Amino acid sequence: MAVTRTVVLLTLLALAAPAADLVWLPEHFRPDPFGEIVARDRTGTLRKSRLTLARAARGGYFSAHLMLKVDRAGSYELSINTSDRAGKLSIDLYREWFHFTEFDRQYYPDALIPVDTPFQSSVPDPQNKVPKQSAVAFWADVWIPADTKPGTYTLRASARLAGGRPVSSVVELEVTELVVPQEDAITMDHNSYGSSFLAEQFPKLAAEYGNRFAESEDFISLIHSYHRIFHVHRGTYHQLGYGHGGKVGPEFAPALTGAGTRRRVASWTLFDKHYGPLLDGTAFSRTRRGARPIPFVYLPINPDWPASFLNWGEPGYQAEFTNVVREMERHFREKGWVNTRFEMYFNHKKRYKAYPWDGDEVRFPEDNQYLKEYSRLLKAAVPPDSPVKFLFRADVSWSMEQQFRDLAGIVNMWVCSSSILGWLRDAPAMLRSRGDVVWHYSGPPPVTQPAVAITKMPLRTWMWRLDGYVHWLAVNPGGDPWFRFDGGGTTLVYSGEQFGIRAPIPSARLKFQRNCLQDLALLTSLRKNRAEVARLFNNTTPDQWWSARPKIADSPAREMTNPDIEEASQENDLRLTRADPEAWWRVRQMIFTR
């Protein structure tokens, strides 16, 4: 009888103990806060949702989600370790924030908050505040140095709930002999405007300085941290330093003095403090990618800097322009800043009513005369044998086909509308044959699209054999991304201030993109066939990544409308969105197939 009572008691205690499940998930299968896969990432069978085996290259990252599901509220402790006795593998662990979107009333993990392991917290998460939450999720980045010994390593995650039994989950990770090239197959660029957003996203830090925030060391450090987060994710960062009316932020340009023939640089101090560590690479010296200069940067040149547009067409305008740009070339050369390409770029449109011509996305052919004159001024200021690399950049759309002809030898960096470039399949090869840099642009996909969606544009860049791709705005998460989220279609990073971090923190989409860039570098180095990649990705051919030339392509640019362009590219865009959650998984397997 006593034995029976003991068995019953033990059974009741077991039933009363909290239960948990710990699951590794492939990167493109995002977890939700209720222990399921996000609806947009599900396949019919979910046959690969639980990850137990994986392969990875050296010199890069292996990544996965880790989901802890519980049957009741309570505290927990989570830890991860590896079987790597040599101590080569490093694990970076992030807590995933679940964003609720009013658009479809769903939760999506995206912001990644770095945490230490072992990590302790509770379900529901006290900060995230998800009603009836029954699962928490983490992102694990496993860094595999290039000199890691190939072989199979065990990644073991363990969790213990208060009052419950420990649970664990294992991934067998095969580290192959392949090494991810340090150089990327494409340049992945992330664009932003000005620096006022820093005070908006880091209000506590800004409040410490009041009106002097922009003059502080922390301000410059914060700018460098944005460059750094994109650098470590195999990208680069562009920050335009002037507005549509020509006003330049003081940290983006050297201070000037004088007018006309007496116009010159008065001080390089703030400019050098801002750009020096970026242009010599020391801003990145403590990263795993190492110190390397930023590959591209906007110059502060615009219609009102360094010369006043009031003097346009007068000898004084040329004197002011050439005096200052000549000093810039000499300063850059003396500093040894010869590995970065400096871009003269005009971002204004005449409808903003500051200048009588379009600099950005020129629609009217007569406006090209201004670009031709600026090219003449730049060539007059920069010695032809200068080791400093100056480029004339134009972001083009409506009239790009005509501009390719009219501005040959003038513009040598083209950032093209993806939609319009899509029906000009011969243009990239033609532009590159004359030594021009060719990129295209669009915005990041919001979290409401499948996780694999962010691989589409890097892959299109690679399929089109372009030099790079621009996320036109990649740092604006909205007013309240934590509890009033708009989907994140204009950001790939978040402010870490809410979590005590005075720097940006990454998104899951930025991690997806970085891993895609690793794979593209490998595909290029291994000379993998583009046709096979297209087939595996979404059962297409390379030709199908281009659009048929529409009738509007032969119409004057002034007669085109945005609906016309959208209609012309709609079929191609729909075809490329037919990528299931396993699309990139299939491409990645090709890398390891000899």
# chains A, B, ... in the order shown; residues from 1 in each chain; ligands from 1

$ residues_around --residues "stretch 144-154 of chain A" --least-positions-apart "3" --cutoff "8 Å" --atoms "only C-alpha atoms" --output "compact mmCIF listing (two decimals) with C-alpha atoms, in the first residue's frame"
# COMPACT_ATOMS: atom_id res chain seq x y z
CA ALA A 57 31.91 26.65 -44.55
CA ARG A 58 34.80 28.08 -42.61
CA GLY A 59 35.47 31.80 -42.46
CA GLY A 60 31.78 32.52 -41.97
CA TYR A 61 28.73 31.96 -39.83
CA PHE A 62 26.29 29.13 -39.29
CA THR A 82 29.91 23.06 -28.45
CA SER A 83 32.07 19.97 -28.63
CA ASP A 84 34.92 22.04 -30.11
CA LYS A 88 37.74 27.81 -32.37
CA LEU A 89 33.94 28.08 -32.61
CA SER A 90 32.31 31.10 -31.00
CA VAL A 170 21.44 18.98 -30.43
CA VAL A 171 22.60 19.96 -33.92
CA GLU A 172 25.40 18.03 -35.58
CA LEU A 173 27.33 20.66 -37.54
CA GLU A 174 29.64 19.46 -40.30
CA VAL A 175 32.34 22.06 -40.87
CA THR A 176 33.59 21.50 -44.40
CA GLU A 177 36.90 22.33 -46.07
CA VAL A 179 36.29 28.74 -46.85
CA VAL A 180 34.04 31.77 -47.44

$ residues_around --residues "stretch 454-461 of chain A" --least-positions-apart "3" --cutoff "7 Å" --atoms "only C-alpha atoms" --output "ChimeraX atom specification"
/A:444-445,451,464-466,468-469,509,513,516

$ closest_atom_pairs --of "stretch 540-582 of chain A" --to "stretch 26-31 of chain A" --cutoff "10 Å" --atoms "only C-alpha atoms" --output "Markdown table"
| residue | atom | partner | partner_atom | distance |
| --- | --- | --- | --- | --- |
| A:Asp580 | CA | A:His28 | CA | 9.9 |
| A:Pro581 | CA | A:His28 | CA | 6.2 |
| A:Glu582 | CA | A:His28 | CA | 7.4 |

$ select_by_dssp --residues "stretch 365-404 of chain A" --states "strand (DSSP E)" --output "PyMOL selection string"
chain A and resi 389-396

$ write_last_selection --atoms "C-alpha atoms" --output "compact mmCIF listing (two decimals), in the first residue's frame"
# COMPACT_ATOMS: atom_id res chain seq x y z
CA LYS A 389 39.24 57.70 -56.50
CA PHE A 390 36.51 60.21 -57.39
CA LEU A 391 33.30 58.97 -59.00
CA PHE A 392 30.38 60.86 -60.48
CA ARG A 393 27.32 58.99 -59.23
CA ALA A 394 23.80 59.30 -60.63
CA ASP A 395 20.70 57.57 -59.28
CA VAL A 396 18.58 57.01 -62.36

$ residues_around --residues "A:Tyr76" --least-positions-apart "4" --cutoff "7 Å" --atoms "only C-alpha atoms" --output "tab-separated table (two decimals) with N, CA and C atoms, in the first residue's frame"
chain	number	residue	atom	x	y	z
A	120	GLN	N	19.09	33.93	-18.32
A	120	GLN	CA	17.96	33.68	-17.44
A	120	GLN	C	16.85	34.71	-17.69
A	121	SER	N	15.63	34.22	-17.78
A	121	SER	CA	14.48	35.10	-17.91
A	121	SER	C	13.23	34.29	-17.60
A	122	SER	N	12.10	34.70	-18.14
A	122	SER	CA	10.86	33.97	-17.87
A	122	SER	C	9.94	34.05	-19.07
A	159	ALA	N	18.13	23.78	-21.47
A	159	ALA	CA	17.26	24.72	-20.74
A	159	ALA	C	16.70	24.02	-19.52
A	160	ARG	N	16.51	24.78	-18.47
A	160	ARG	CA	15.90	24.26	-17.25
A	160	ARG	C	14.84	25.27	-16.79
A	161	LEU	N	13.63	24.76	-16.57
A	161	LEU	CA	12.56	25.57	-16.03
A	161	LEU	C	12.54	25.43	-14.52
A	162	ALA	N	12.15	26.48	-13.85
A	162	ALA	CA	12.04	26.41	-12.40
A	162	ALA	C	11.05	25.31	-12.02

$ residues_around --residues "A:Ser221" --least-positions-apart "3" --cutoff "10 Å" --atoms "only C-alpha atoms" --output "count of residues only"
12

$ residues_around --residues "A:Val265" --least-positions-apart "6" --cutoff "9 Å" --atoms "only C-alpha atoms" --output "tab-separated table (two decimals) with C-alpha atoms, in the first residue's frame"
chain	number	residue	atom	x	y	z
A	254	PRO	CA	35.20	70.46	-43.69
A	255	ALA	CA	34.52	73.96	-42.41
A	256	LEU	CA	35.00	76.63	-45.10
A	257	THR	CA	36.00	80.26	-45.11
A	258	GLY	CA	36.12	83.04	-47.70
A	323	ASN	CA	39.48	75.56	-54.85
A	324	VAL	CA	37.79	73.39	-52.24
A	327	GLU	CA	42.06	70.87	-51.34
A	328	MET	CA	39.95	67.78	-50.67

$ closest_residue --among "A:Val362, A:Ala453, A:Leu377, A:Leu178" --to "A:Ala56" --atoms "only C-alpha atoms"
A:Leu178

$ residues_around --residues "A:Phe202" --least-positions-apart "5" --cutoff "9 Å" --atoms "only C-alpha atoms" --output "PyMOL selection string"
chain A and resi 197+207+495-498+502-503
